Amino acid sequence: MNVARLNMCHGTREWNRTVIEPVGWLNEVKGFAVLIMMDTEGSEVHMGDLGGLTSAKAEDGDIWTFSVRAFDSHHPECTISVNYDGFAEDVKVGDELLFDGGMVRFEVIDKIGPDVKCRCTDSGLLLPCANLTFWRNGSLVQARNAMLPTISSKDWLDIDFGISEGVDFIAVSFVKSAEVIKQLQSYIAARSCESNVAVIAKIESFDSLKNLEEIIQASDRAMVARGDLGTQVPLEEVPSIQEKIIRLCRQLNKPVIVASQLIESMIEYPTPTRAEVADVSEAVKQQADGLMLSGESAMGQYPEKALAVLRSVSLRIEKWWREEKEKHNDNVELPDIASTSLESVSKEICHAAAKMANKSEADAIFVYTKKTGQMATLSCHVVDQIVQFLHSQKDHHHRGR
């Protein structure tokens, strides 16, 4: 893998440090080149833990209680806490609750003080800290926490932790506008003038889509977070939205990651479905820069196999795609460079280098950069290997497609 992701919804900062340290050791001692991405929690509504359990099965007809109360060591059976204090006030009897974008569904049947009684209508596996949305008469209900800041007070503490630990990327959840991205970028620069932390905008809400171009333009990278996005738009629109985001990122020369449920079945099974393989292939053909596993590697039974499958499918489709281009004597299409970019001259040079490499069927491009490889981004779509020579030894890494 190229990047290790820390989801700050899970675990303490101390626990996350136990992940950062061995990655750093492997990079320094073993010569690995694994970067670290920290994912902020944001202001989403999600359930708490499951009393120490890694998952819980909800069956059709089961009655569960969702409460804003905090539980100590004793966790009542079929009872789960919710992180949003206004939850019991906002929901109404008859509302539909969706967890993880509809992987499990409940109907609200009663409200008793801070507790909301629900009946399971679509059985499934409940996971700790799963995202929660509620729907009324077929429409998504915007909870009052939607008006809270995109970056919460906890997020700022997590960001301080990430900067001090030297993470490479900070992914901002539920971005509403470009101002949030700019605010974080200026904060990172003020904290450390030598910091190369890149900011990733997670596109996963209505607000993100309304301000899509300005958000991507302000960000260093973007992520198509399909799981949460699928809870806010009709399912049938997710594929076209994904393609639109990737195309826009290509036009603006911003690296883009496709995430969520790529090979979800490998959480439980040693091989993916053929439909999942086709989904991964489509993301590669759309020229996404990265593919991100979530539950498959974080809690799945076959994390190494999942990663191997993702890599092998990606490499095979890229090879096939280039072979098809060569067979039809068709050069790989390169996006236009955004005219508003402050680094337009450098990017034009990279654009020309990429075209030359494509026409001459070069095996690799060597790039020198003082930061995190922005200048190599465009080139990676036309050759198999990008070797980057970076300003400091700490930042040195090799990018392979």
# chains A, B, ... in the order shown; residues from 1 in each chain; ligands from 1
>>> residues_around(residues="segment 101-116 of chain A", least_positions_apart="5", cutoff="8 Å", atoms="only C-alpha atoms", output="PDB file with C-alpha atoms, in the first residue's frame")
ATOM      1  CA  ALA A  58     -29.757  -6.607  14.002  1.00  0.00           C
ATOM      2  CA  THR A  65     -32.883   1.647  21.711  1.00  0.00           C
ATOM      3  CA  PHE A  66     -30.764   4.577  20.519  1.00  0.00           C
ATOM      4  CA  SER A  67     -29.954   6.996  23.308  1.00  0.00           C
ATOM      5  CA  VAL A  68     -28.105  10.269  23.825  1.00  0.00           C
ATOM      6  CA  ARG A  69     -27.084   8.990  27.272  1.00  0.00           C
ATOM      7  CA  ALA A  88     -34.186  12.441  20.488  1.00  0.00           C
ATOM      8  CA  VAL A  91     -36.495  12.432  15.175  1.00  0.00           C
ATOM      9  CA  LYS A  92     -40.196  11.664  15.029  1.00  0.00           C
ATOM     10  CA  VAL A  93     -42.190   8.455  15.312  1.00  0.00           C
ATOM     11  CA  GLY A  94     -42.371   6.970  11.820  1.00  0.00           C
ATOM     12  CA  ASP A  95     -38.943   8.274  10.737  1.00  0.00           C
ATOM     13  CA  GLU A  96     -36.573   5.823   9.083  1.00  0.00           C
ATOM     14  CA  THR A 121     -36.862  -3.276   9.111  1.00  0.00           C
ATOM     15  CA  ASP A 122     -33.756  -4.344   7.140  1.00  0.00           C
ATOM     16  CA  SER A 123     -31.422  -6.674   8.990  1.00  0.00           C
ATOM     17  CA  GLY A 124     -27.678  -6.244   8.882  1.00  0.00           C
ATOM     18  CA  LEU A 125     -24.450  -5.784  10.798  1.00  0.00           C
ATOM     19  CA  LEU A 126     -24.100  -2.751  13.085  1.00  0.00           C
ATOM     20  CA  ASN A 131     -22.797   6.935  10.260  1.00  0.00           C
ATOM     21  CA  LEU A 132     -26.477   7.601  10.969  1.00  0.00           C
ATOM     22  CA  THR A 133     -29.018   9.505   8.874  1.00  0.00           C
ATOM     23  CA  GLY A 227     -20.497   5.719   1.540  1.00  0.00           C
ATOM     24  CA  ASP A 228     -21.762   8.892   3.179  1.00  0.00           C
ATOM     25  CA  GLY A 230     -24.839   7.635  -0.952  1.00  0.00           C
ATOM     26  CA  THR A 231     -26.910   8.539   2.108  1.00  0.00           C
TER      27      THR A 231
END
>>> closest_residue(among="A:Gln242, A:Ser81, A:Thr271, A:Ser192", to="Ala222 of chain A", atoms="only C-alpha atoms")
A:Gln242
>>> atom_distance(atom1="atom CA of Cys193 of chain A", atom2="atom CA of Ala4 of chain A")
24.2 Å
>>> closest_residue(among="A:Gln217, A:Gln286, A:Ala201, A:Ala306", to="Glu243 of chain A", atoms="only C-alpha atoms")
A:Gln286
>>> closest_residue(among="A:Leu6, A:Glu89, A:Val199, A:Val141", to="Thr18 of chain A", atoms="only C-alpha atoms")
A:Leu6
>>> closest_residue(among="A:Leu252, A:Cys129, A:Met299, A:Cys118", to="Leu50 of chain A", atoms="only C-alpha atoms")
A:Cys129
>>> closest_residue(among="A:Val180, A:Val34, A:Leu98, A:Ile349", to="Gln232 of chain A", atoms="only C-alpha atoms")
A:Leu98
>>> atom_distance(atom1="atom CA of Ser195 of chain A", atom2="atom CA of Ser208 of chain A")
26.4 Å
>>> closest_residue(among="A:Glu214, A:Glu44, A:Glu304, A:Asp207", to="Ala130 of chain A", atoms="only C-alpha atoms")
A:Glu44
>>> select_by_dssp(residues="segment 143-368 of chain A", states="strand (DSSP E or B)", output="list in words")
Phe169, Ile170, Ala171, Val172, Ala198, Val199, Ile200, Ala201, Lys202, Ile203, Arg221, Ala222, Met223, Val224, Ala225, Val256, Ile257, Val258, Ala259, Gly290, Leu291, Met292, Ala364, Ile365, Phe366, Val367 and Tyr368 of chain A
>>> residues_around(residues="Val172 of chain A", least_positions_apart="3", cutoff="9 Å", atoms="only C-alpha atoms", output="list in words")
Met38, Asp39, Thr40, Glu41, Gly42, Thr150, Ile151, Val175, Val180, Ile181, Val199, Ile200, Ala201 and Lys202 of chain A
>>> write_last_selection(atoms="C-alpha atoms", output="compact mmCIF listing (two decimals), in the first residue's frame")
# COMPACT_ATOMS: atom_id res chain seq x y z
CA MET A 38 -5.51 11.43 9.12
CA ASP A 39 -9.27 11.57 8.64
CA THR A 40 -11.17 14.07 10.83
CA GLU A 41 -14.43 13.06 12.48
CA GLY A 42 -16.47 16.11 11.42
CA THR A 150 -17.16 21.53 9.59
CA ILE A 151 -14.08 21.28 11.82
CA VAL A 175 -16.63 19.90 3.61
CA VAL A 180 -12.89 25.62 5.44
CA ILE A 181 -10.04 24.22 3.34
CA VAL A 199 -5.36 18.86 2.76
CA ILE A 200 -7.86 16.43 1.23
CA ALA A 201 -11.48 17.49 0.76
CA LYS A 202 -13.92 14.62 1.27
>>> residues_around(residues="segment 260-267 of chain A", least_positions_apart="5", cutoff="6 Å", atoms="only C-alpha atoms", output="MDAnalysis selection string")
chainID A and resid 226:227 272 276 296 300:301
>>> residues_around(residues="Arg17 of chain A", least_positions_apart="5", cutoff="9 Å", atoms="only C-alpha atoms", output="list in words")
Thr12, Pro22 and Glu165 of chain A
>>> write_last_selection(atoms="N, CA and C atoms", output="tab-separated table (two decimals), in the first residue's frame")
chain	number	residue	atom	x	y	z
A	12	THR	N	-8.25	6.34	20.51
A	12	THR	CA	-7.73	7.56	21.11
A	12	THR	C	-6.51	8.03	20.32
A	22	PRO	N	5.07	2.53	14.10
A	22	PRO	CA	5.62	1.43	13.30
A	22	PRO	C	5.69	1.74	11.81
A	165	GLU	N	2.69	14.83	14.91
A	165	GLU	CA	3.16	13.47	14.62
A	165	GLU	C	3.69	13.34	13.19
>>> residues_around(residues="Met37 of chain A", least_positions_apart="4", cutoff="12 Å", atoms="only C-alpha atoms", output="PyMOL selection string")
chain A and resi 2-8+16+19-20+23+159+162-163+165-172+197-200+221+223+292
>>> select_by_dssp(residues="segment 25-195 of chain A", states="helix (DSSP H, G or I)", output="JSON, numbers by chain")
{"A": [25, 26, 27, 28, 29, 87, 88, 89, 90, 144, 145, 146, 147, 153, 154, 155, 156, 157, 158, 159, 160, 161, 162, 163, 164, 165, 178, 179, 180, 181, 182, 183, 184, 185, 186, 187, 188, 189, 190, 191]}
